[in-house]
Amino acid sequence: MRKRFFRAATVSIVAGLLIAFVFAVPLMQQVYTDEMRERLDAVLVLAEEIETSDGELQEKVAHLGERLREEDSSIRLTVLDAQGTVLADSEADAENMESHAARPEVEAAIETGSGQDIRKSATTGSRQMYAARRIISAEGDVRVIRASVSLGGIREVEGTLWLCGGVGIFMGLVVALISAHYAAGRVVEPLQSLTDAARAMADGGAPDIVEGAPDEMGELAGAFNRMAGRLAAAHEELAGTNDRLAGILQGMDDGVVAVDAGGGIVLMTHRVRELLGDCPATAKRLPECGSNYISVGEMLDRVRRQGGSVRDILYLAREERIVQVYAARVSDADGGALAVISDITRLRKLEQMRSDFVANVTHELKTPLTSIRGYIELLKSGERDAETTRSFYEIIEIEAERLQKLTDDLLQLSEIEHAAPESEVPLSSLAETVGRAAETLGPEAEARHIGLRLFIPPDLQVRAHPRRLYQLMKNLMENGIKYNREGGILNVSAAVERSAVVIRVHDTGIGIPPEHQDRIFERFYRVDKGRSRELGGTGLGLSIVKHIVGLYGGDVGVASEPGVGTTFTVRFPMG
């Protein structure tokens, strides 16, 4: 832009000089011609005295011509009569000169009193200016006095003018170049600064402040600086909003991934990588991230092409995870799409557990009820002897007790699950609680010749409600008796280990196969369903244990070897 402005300014100045010179030359020519005309008029006034002076006319004219030459004047004088005959001339012999009656200035002078003309002289061959004036003598004679001067000097004037004009134009051009360079710097530099600042802003850089400039450029720079300030504030606000939005998106439990109109990745939160697997930082499109991303990419491509939204369930076999994907087009303008990925694995497991729970409860309730109803129908169908009737009543009583125990366990489990956090959890004596459970289970242990061995420090306390602690220990000890071998041993011990109260319940029973150990704390789960029902188990005891331990911030684990025995380990944090 600087070069264009420099060239434009230079051309404008040179053109102005040339136009001024073109108009100046004719003007100077006119001035020169007017000056010559005034000189001729002055000479004609002086020549009018010829008629009143003494002497011959030729002598008078020659004498006046001599005086004019002495004044360095090239004016020529001629006197003519009314018929145009030359009577006297200051530079030629009048007798040898032809008639001047047809000369324009002579004709005009005779008719009007004065006349003028500019033409090439037939006598001298040069371009001449003529001025003539009519005079009338005292005797009434009409004569014409004509003065002429050569205009050859105007050529010299024109040459001088062109020379001076050329020198002036050259000097003007030098001055114009210097001025244009200076003016270009003064005008273009602020514009260049504005251009550089605008280009930096367009490239994503921080808005720059442009230095002030005079006149309108200063106003433009001020307006640009105000705009840059507002843009910087808007950019800062937008960056803050984006940071907050990114923080919100990154903090969501759901993953968010967005693509542009070409399918390129625009946004991918950390949660997406947690759900679908790691994605290389160099990946530009979702299929480049791995197999789990391909289905999500296909859903996004579909909504980008067809619009609307789509929702689908993906089963990630390797991670044993179930995710729900909701994909929709962001807007019709940019053609991008966005997908929200939710982990519904736990929800599906809860739904499955609920379904299994309902099925198991129905089955567990239906079995004793069917048995009770069957024996009642048998009793009603006819007369029975006393022994048969008594055995039927005993079976009905056993099934009723099983039904009662199942109902009690369900109520206990529901109560524990919905228990509100206790503001102050009391300390309970572990030795006393275990003693009460042993006393309750003693008859059952004696019936199977199982020895109960208790190794509980008398001063050891656990921060748990006494009733809950009793339910926990009773269930663990009851399991150790039911699934023990005849004449086996059940050891219950406790100690403080690493700031935790550790309780171990070890039996010498049938043990639990490894493939079942991870599921034994689930509701109604039984390793051997036939044996459990035969022993009167409901399948809820260990689930109750797990929920009680979790209620007080502890944990429970199991170690077992089939045919050797099982050890349940419970840890409670120190109060």
# chains A, B, ... in the order shown; residues from 1 in each chain; ligands from 1
>>> residues_around(residues="segment 78-87 of chain A", least_positions_apart="4", cutoff="6 Å", atoms="only C-alpha atoms", output="list in words")
Ala94, Ser99, His100, Ala101, Val142, Arg143, Val144, Ile145 and Arg146 of chain A
>>> residues_around(residues="segment 265-271 of chain A", least_positions_apart="2", cutoff="10 Å", atoms="only C-alpha atoms", output="PDB file with N, CA, C and O atoms, in the first residue's frame")
ATOM      1  N   ALA A 246     -16.150 -26.428  29.889  1.00  0.00           N
ATOM      2  CA  ALA A 246     -15.286 -27.612  29.820  1.00  0.00           C
ATOM      3  C   ALA A 246     -15.213 -28.293  31.183  1.00  0.00           C
ATOM      4  O   ALA A 246     -15.224 -29.528  31.275  1.00  0.00           O
ATOM      5  N   GLY A 247     -15.132 -27.484  32.253  1.00  0.00           N
ATOM      6  CA  GLY A 247     -15.117 -28.067  33.592  1.00  0.00           C
ATOM      7  C   GLY A 247     -16.400 -28.821  33.894  1.00  0.00           C
ATOM      8  O   GLY A 247     -16.370 -29.907  34.486  1.00  0.00           O
ATOM      9  N   LEU A 249     -18.441 -30.150  31.630  1.00  0.00           N
ATOM     10  CA  LEU A 249     -18.481 -31.354  30.803  1.00  0.00           C
ATOM     11  C   LEU A 249     -17.528 -32.427  31.336  1.00  0.00           C
ATOM     12  O   LEU A 249     -17.872 -33.611  31.372  1.00  0.00           O
ATOM     13  N   GLN A 250     -16.312 -31.978  31.748  1.00  0.00           N
ATOM     14  CA  GLN A 250     -15.361 -32.961  32.262  1.00  0.00           C
ATOM     15  C   GLN A 250     -15.817 -33.543  33.587  1.00  0.00           C
ATOM     16  O   GLN A 250     -15.479 -34.673  33.933  1.00  0.00           O
ATOM     17  N   GLY A 251     -16.601 -32.767  34.354  1.00  0.00           N
ATOM     18  CA  GLY A 251     -17.075 -33.250  35.642  1.00  0.00           C
ATOM     19  C   GLY A 251     -18.335 -34.095  35.568  1.00  0.00           C
ATOM     20  O   GLY A 251     -18.764 -34.662  36.580  1.00  0.00           O
ATOM     21  N   MET A 252     -18.928 -34.176  34.395  1.00  0.00           N
ATOM     22  CA  MET A 252     -20.147 -34.970  34.246  1.00  0.00           C
ATOM     23  C   MET A 252     -19.832 -36.460  34.353  1.00  0.00           C
ATOM     24  O   MET A 252     -18.761 -36.918  33.951  1.00  0.00           O
ATOM     25  N   ASP A 253     -20.785 -37.200  34.900  1.00  0.00           N
ATOM     26  CA  ASP A 253     -20.631 -38.649  34.961  1.00  0.00           C
ATOM     27  C   ASP A 253     -20.818 -39.269  33.585  1.00  0.00           C
ATOM     28  O   ASP A 253     -20.356 -40.378  33.334  1.00  0.00           O
ATOM     29  N   ASP A 254     -21.469 -38.548  32.696  1.00  0.00           N
ATOM     30  CA  ASP A 254     -21.646 -39.010  31.316  1.00  0.00           C
ATOM     31  C   ASP A 254     -20.510 -38.471  30.452  1.00  0.00           C
ATOM     32  O   ASP A 254     -20.000 -37.373  30.693  1.00  0.00           O
ATOM     33  N   GLY A 255     -20.129 -39.249  29.453  1.00  0.00           N
ATOM     34  CA  GLY A 255     -19.113 -38.793  28.516  1.00  0.00           C
ATOM     35  C   GLY A 255     -19.731 -38.008  27.373  1.00  0.00           C
ATOM     36  O   GLY A 255     -20.859 -38.275  26.957  1.00  0.00           O
ATOM     37  N   VAL A 256     -18.990 -37.017  26.869  1.00  0.00           N
ATOM     38  CA  VAL A 256     -19.472 -36.177  25.762  1.00  0.00           C
ATOM     39  C   VAL A 256     -18.416 -36.164  24.670  1.00  0.00           C
ATOM     40  O   VAL A 256     -17.237 -35.912  24.939  1.00  0.00           O
ATOM     41  N   VAL A 257     -18.844 -36.448  23.438  1.00  0.00           N
ATOM     42  CA  VAL A 257     -17.954 -36.376  22.287  1.00  0.00           C
ATOM     43  C   VAL A 257     -18.681 -35.630  21.178  1.00  0.00           C
ATOM     44  O   VAL A 257     -19.872 -35.849  20.944  1.00  0.00           O
ATOM     45  N   ALA A 258     -17.979 -34.701  20.519  1.00  0.00           N
ATOM     46  CA  ALA A 258     -18.567 -33.893  19.444  1.00  0.00           C
ATOM     47  C   ALA A 258     -17.673 -33.967  18.219  1.00  0.00           C
ATOM     48  O   ALA A 258     -16.443 -34.034  18.333  1.00  0.00           O
ATOM     49  N   VAL A 259     -18.294 -33.952  17.035  1.00  0.00           N
ATOM     50  CA  VAL A 259     -17.567 -33.966  15.768  1.00  0.00           C
ATOM     51  C   VAL A 259     -18.069 -32.818  14.899  1.00  0.00           C
ATOM     52  O   VAL A 259     -19.184 -32.329  15.078  1.00  0.00           O
ATOM     53  N   ASP A 260     -17.218 -32.387  13.949  1.00  0.00           N
ATOM     54  CA  ASP A 260     -17.613 -31.321  13.036  1.00  0.00           C
ATOM     55  C   ASP A 260     -18.310 -31.898  11.812  1.00  0.00           C
ATOM     56  O   ASP A 260     -18.602 -33.097  11.744  1.00  0.00           O
ATOM     57  N   ALA A 261     -18.568 -31.034  10.826  1.00  0.00           N
ATOM     58  CA  ALA A 261     -19.311 -31.457   9.643  1.00  0.00           C
ATOM     59  C   ALA A 261     -18.582 -32.532   8.847  1.00  0.00           C
ATOM     60  O   ALA A 261     -19.200 -33.321   8.140  1.00  0.00           O
ATOM     61  N   GLY A 262     -17.255 -32.589   8.971  1.00  0.00           N
ATOM     62  CA  GLY A 262     -16.497 -33.604   8.259  1.00  0.00           C
ATOM     63  C   GLY A 262     -16.222 -34.849   9.065  1.00  0.00           C
ATOM     64  O   GLY A 262     -15.513 -35.746   8.597  1.00  0.00           O
ATOM     65  N   GLY A 263     -16.751 -34.917  10.273  1.00  0.00           N
ATOM     66  CA  GLY A 263     -16.525 -36.085  11.119  1.00  0.00           C
ATOM     67  C   GLY A 263     -15.286 -35.989  11.981  1.00  0.00           C
ATOM     68  O   GLY A 263     -14.949 -36.946  12.677  1.00  0.00           O
ATOM     69  N   ARG A 273     -13.174 -41.610  27.369  1.00  0.00           N
ATOM     70  CA  ARG A 273     -12.043 -42.553  27.340  1.00  0.00           C
ATOM     71  C   ARG A 273     -12.174 -43.610  28.430  1.00  0.00           C
ATOM     72  O   ARG A 273     -11.761 -44.760  28.244  1.00  0.00           O
ATOM     73  N   GLU A 274     -12.732 -43.215  29.572  1.00  0.00           N
ATOM     74  CA  GLU A 274     -12.949 -44.193  30.631  1.00  0.00           C
ATOM     75  C   GLU A 274     -13.986 -45.236  30.228  1.00  0.00           C
ATOM     76  O   GLU A 274     -13.846 -46.417  30.563  1.00  0.00           O
ATOM     77  N   LEU A 275     -15.009 -44.816  29.507  1.00  0.00           N
ATOM     78  CA  LEU A 275     -16.092 -45.732  29.136  1.00  0.00           C
ATOM     79  C   LEU A 275     -15.744 -46.570  27.918  1.00  0.00           C
ATOM     80  O   LEU A 275     -16.026 -47.774  27.889  1.00  0.00           O
ATOM     81  N   LEU A 276     -15.164 -45.960  26.891  1.00  0.00           N
ATOM     82  CA  LEU A 276     -14.930 -46.656  25.631  1.00  0.00           C
ATOM     83  C   LEU A 276     -13.498 -47.127  25.450  1.00  0.00           C
ATOM     84  O   LEU A 276     -13.206 -47.844  24.490  1.00  0.00           O
ATOM     85  N   GLY A 277     -12.611 -46.730  26.323  1.00  0.00           N
ATOM     86  CA  GLY A 277     -11.213 -47.107  26.170  1.00  0.00           C
ATOM     87  C   GLY A 277     -10.376 -45.924  25.731  1.00  0.00           C
ATOM     88  O   GLY A 277     -10.877 -44.892  25.292  1.00  0.00           O
ATOM     89  N   ASP A 278      -9.064 -46.075  25.853  1.00  0.00           N
ATOM     90  CA  ASP A 278      -8.150 -44.987  25.534  1.00  0.00           C
ATOM     91  C   ASP A 278      -8.188 -44.659  24.049  1.00  0.00           C
ATOM     92  O   ASP A 278      -8.388 -45.533  23.201  1.00  0.00           O
ATOM     93  N   CYS A 279      -8.005 -43.373  23.755  1.00  0.00           N
ATOM     94  CA  CYS A 279      -7.975 -42.887  22.369  1.00  0.00           C
ATOM     95  C   CYS A 279      -6.668 -42.127  22.164  1.00  0.00           C
ATOM     96  O   CYS A 279      -6.335 -41.241  22.963  1.00  0.00           O
ATOM     97  N   ALA A 283      -5.355 -39.047  17.142  1.00  0.00           N
ATOM     98  CA  ALA A 283      -6.547 -39.459  16.381  1.00  0.00           C
ATOM     99  C   ALA A 283      -7.371 -38.243  15.986  1.00  0.00           C
ATOM    100  O   ALA A 283      -7.635 -37.358  16.813  1.00  0.00           O
ATOM    101  N   LYS A 284      -7.784 -38.184  14.723  1.00  0.00           N
ATOM    102  CA  LYS A 284      -8.596 -37.085  14.203  1.00  0.00           C
ATOM    103  C   LYS A 284     -10.061 -37.468  14.038  1.00  0.00           C
ATOM    104  O   LYS A 284     -10.928 -36.597  14.033  1.00  0.00           O
ATOM    105  N   ARG A 285     -10.323 -38.786  13.899  1.00  0.00           N
ATOM    106  CA  ARG A 285     -11.681 -39.272  13.714  1.00  0.00           C
ATOM    107  C   ARG A 285     -11.919 -40.431  14.675  1.00  0.00           C
ATOM    108  O   ARG A 285     -10.981 -41.123  15.101  1.00  0.00           O
ATOM    109  N   LEU A 286     -13.181 -40.670  15.001  1.00  0.00           N
ATOM    110  CA  LEU A 286     -13.513 -41.680  16.005  1.00  0.00           C
ATOM    111  C   LEU A 286     -13.061 -43.089  15.628  1.00  0.00           C
ATOM    112  O   LEU A 286     -12.578 -43.821  16.499  1.00  0.00           O
ATOM    113  N   GLY A 297     -19.197 -43.553  16.186  1.00  0.00           N
ATOM    114  CA  GLY A 297     -18.949 -42.765  14.979  1.00  0.00           C
ATOM    115  C   GLY A 297     -20.021 -42.974  13.931  1.00  0.00           C
ATOM    116  O   GLY A 297     -20.429 -42.028  13.248  1.00  0.00           O
ATOM    117  N   GLY A 336     -22.373 -30.201  12.482  1.00  0.00           N
ATOM    118  CA  GLY A 336     -21.714 -31.071  13.442  1.00  0.00           C
ATOM    119  C   GLY A 336     -22.725 -31.892  14.228  1.00  0.00           C
ATOM    120  O   GLY A 336     -23.939 -31.717  14.125  1.00  0.00           O
ATOM    121  N   ALA A 337     -22.206 -32.835  15.030  1.00  0.00           N
ATOM    122  CA  ALA A 337     -23.068 -33.699  15.839  1.00  0.00           C
ATOM    123  C   ALA A 337     -22.403 -33.948  17.186  1.00  0.00           C
ATOM    124  O   ALA A 337     -21.183 -33.802  17.336  1.00  0.00           O
ATOM    125  N   LEU A 338     -23.222 -34.317  18.153  1.00  0.00           N
ATOM    126  CA  LEU A 338     -22.750 -34.529  19.529  1.00  0.00           C
ATOM    127  C   LEU A 338     -23.382 -35.788  20.084  1.00  0.00           C
ATOM    128  O   LEU A 338     -24.542 -36.092  19.802  1.00  0.00           O
ATOM    129  N   ALA A 339     -22.594 -36.528  20.864  1.00  0.00           N
ATOM    130  CA  ALA A 339     -23.082 -37.764  21.475  1.00  0.00           C
ATOM    131  C   ALA A 339     -22.816 -37.717  22.979  1.00  0.00           C
ATOM    132  O   ALA A 339     -21.747 -37.286  23.414  1.00  0.00           O
ATOM    133  N   ILE A 341     -22.672 -40.183  26.218  1.00  0.00           N
ATOM    134  CA  ILE A 341     -22.504 -41.609  26.494  1.00  0.00           C
ATOM    135  C   ILE A 341     -22.666 -41.834  28.000  1.00  0.00           C
ATOM    136  O   ILE A 341     -21.930 -41.248  28.798  1.00  0.00           O
ATOM    137  N   SER A 342     -23.640 -42.672  28.370  1.00  0.00           N
ATOM    138  CA  SER A 342     -23.947 -42.932  29.777  1.00  0.00           C
ATOM    139  C   SER A 342     -23.646 -44.386  30.108  1.00  0.00           C
ATOM    140  O   SER A 342     -23.973 -45.292  29.336  1.00  0.00           O
ATOM    141  N   ASP A 343     -23.021 -44.586  31.262  1.00  0.00           N
ATOM    142  CA  ASP A 343     -22.746 -45.938  31.736  1.00  0.00           C
ATOM    143  C   ASP A 343     -23.975 -46.449  32.483  1.00  0.00           C
ATOM    144  O   ASP A 343     -24.331 -45.948  33.543  1.00  0.00           O
TER     145      ASP A 343
END
>>> select_by_dssp(residues="segment 309-555 of chain A", states="alpha helix (DSSP H)", output="JSON, numbers by chain")
{"A": [345, 346, 347, 348, 349, 350, 351, 352, 353, 354, 355, 356, 357, 358, 359, 360, 361, 362, 363, 364, 365, 366, 367, 368, 369, 370, 371, 372, 373, 374, 375, 376, 377, 378, 379, 380, 381, 386, 387, 388, 389, 390, 391, 392, 393, 394, 395, 396, 397, 398, 399, 400, 401, 402, 403, 404, 405, 406, 407, 408, 409, 410, 411, 412, 413, 414, 415, 416, 417, 430, 431, 432, 433, 434, 435, 436, 437, 438, 439, 440, 441, 442, 443, 444, 445, 446, 447, 466, 467, 468, 469, 470, 471, 472, 473, 474, 475, 476, 477, 478, 479, 480, 481, 482, 514, 515, 516, 517, 529, 530, 531, 532, 533, 534, 541, 542, 543, 544, 545, 546, 547, 548, 549, 550, 551]}
>>> select_by_dssp(residues="segment 70-139 of chain A", states="strand (DSSP E or B)", output="list of chain:residue names")
A:Arg76, A:Leu77, A:Thr78, A:Val79, A:Leu80, A:Asp81, A:Val86, A:Leu87, A:Ala88, A:Asp89, A:Ser114, A:Gly115, A:Gln116, A:Asp117, A:Ile118, A:Arg119, A:Lys120, A:Arg127, A:Gln128, A:Met129, A:Tyr130, A:Ala131, A:Ala132, A:Arg133, A:Arg134, A:Ile135, A:Ile136
>>> write_last_selection(atoms="N, CA and C atoms", output="CSV table (one decimal), in the first residue's frame")
chain,number,residue,atom,x,y,z
A,76,ARG,N,9.3,49.4,-36.4
A,76,ARG,CA,9.5,50.0,-37.7
A,76,ARG,C,8.3,50.9,-38.0
A,77,LEU,N,8.5,52.1,-38.6
A,77,LEU,CA,7.5,53.1,-38.8
A,77,LEU,C,7.2,53.3,-40.3
A,78,THR,N,5.9,53.4,-40.6
A,78,THR,CA,5.6,53.6,-42.0
A,78,THR,C,4.4,54.6,-42.1
A,79,VAL,N,4.5,55.6,-43.1
A,79,VAL,CA,3.5,56.6,-43.2
A,79,VAL,C,2.9,56.4,-44.6
A,80,LEU,N,1.5,56.3,-44.7
A,80,LEU,CA,0.8,56.1,-45.9
A,80,LEU,C,-0.3,57.2,-46.1
A,81,ASP,N,-0.7,57.3,-47.4
A,81,ASP,CA,-1.7,58.3,-47.6
A,81,ASP,C,-3.1,57.5,-47.6
A,86,VAL,N,2.7,54.2,-49.9
A,86,VAL,CA,3.7,54.5,-48.8
A,86,VAL,C,4.4,55.8,-49.1
A,87,LEU,N,4.4,56.7,-48.1
A,87,LEU,CA,5.0,58.0,-48.3
A,87,LEU,C,6.4,58.0,-47.6
A,88,ALA,N,6.5,57.2,-46.6
A,88,ALA,CA,7.8,57.2,-45.9
A,88,ALA,C,7.9,56.0,-45.1
A,89,ASP,N,9.2,55.4,-44.9
A,89,ASP,CA,9.4,54.2,-44.1
A,89,ASP,C,10.7,54.3,-43.4
A,114,SER,N,-8.3,53.3,-36.3
A,114,SER,CA,-7.1,52.5,-35.8
A,114,SER,C,-7.3,51.1,-36.3
A,115,GLY,N,-6.3,50.3,-36.4
A,115,GLY,CA,-6.3,48.9,-36.8
A,115,GLY,C,-5.1,48.2,-36.3
A,116,GLN,N,-5.3,46.8,-36.2
A,116,GLN,CA,-4.2,46.0,-35.7
A,116,GLN,C,-4.2,44.7,-36.5
A,117,ASP,N,-3.0,44.0,-36.6
A,117,ASP,CA,-3.0,42.7,-37.3
A,117,ASP,C,-1.6,42.1,-36.9
A,118,ILE,N,-1.6,40.7,-37.0
A,118,ILE,CA,-0.4,40.0,-36.8
A,118,ILE,C,-0.3,39.0,-38.0
A,119,ARG,N,0.8,39.1,-38.7
A,119,ARG,CA,1.0,38.2,-39.9
A,119,ARG,C,2.5,38.2,-40.3
A,120,LYS,N,2.7,37.3,-41.3
A,120,LYS,CA,4.1,37.3,-41.8
A,120,LYS,C,4.3,38.4,-42.7
A,127,ARG,N,7.4,37.0,-38.8
A,127,ARG,CA,6.1,37.3,-38.2
A,127,ARG,C,6.1,38.6,-37.5
A,128,GLN,N,5.1,39.5,-37.9
A,128,GLN,CA,5.1,40.8,-37.4
A,128,GLN,C,3.8,41.2,-36.8
A,129,MET,N,3.8,42.1,-35.8
A,129,MET,CA,2.6,42.7,-35.3
A,129,MET,C,2.5,44.1,-35.8
A,130,TYR,N,1.3,44.5,-36.3
A,130,TYR,CA,1.1,45.8,-36.9
A,130,TYR,C,0.0,46.5,-36.1
A,131,ALA,N,0.3,47.9,-36.0
A,131,ALA,CA,-0.7,48.8,-35.4
A,131,ALA,C,-0.8,50.0,-36.2
A,132,ALA,N,-2.0,50.5,-36.6
A,132,ALA,CA,-2.1,51.6,-37.5
A,132,ALA,C,-3.0,52.6,-36.9
A,133,ARG,N,-2.8,53.9,-37.2
A,133,ARG,CA,-3.7,55.0,-36.7
A,133,ARG,C,-3.8,56.0,-37.8
A,134,ARG,N,-5.1,56.5,-37.9
A,134,ARG,CA,-5.4,57.6,-38.9
A,134,ARG,C,-5.2,58.9,-38.2
A,135,ILE,N,-4.6,59.8,-39.0
A,135,ILE,CA,-4.4,61.2,-38.6
A,135,ILE,C,-4.9,62.1,-39.7
A,136,ILE,N,-5.4,63.3,-39.3
A,136,ILE,CA,-5.9,64.3,-40.3
A,136,ILE,C,-5.1,65.5,-40.1
>>> residues_around(residues="segment 497-505 of chain A", least_positions_apart="6", cutoff="10 Å", atoms="only C-alpha atoms", output="PyMOL selection string")
chain A and resi 430+453-456+460-463+473+476-477+479-480+490-491+554-558+566-575
>>> atom_distance(atom1="atom CA of Val45 of chain A", atom2="atom CA of Glu95 of chain A")
25.1 Å
>>> residues_around(residues="Ile169 of chain A", least_positions_apart="3", cutoff="10 Å", atoms="only C-alpha atoms", output="ChimeraX atom specification")
/A:13-18,21,163-166,172-176
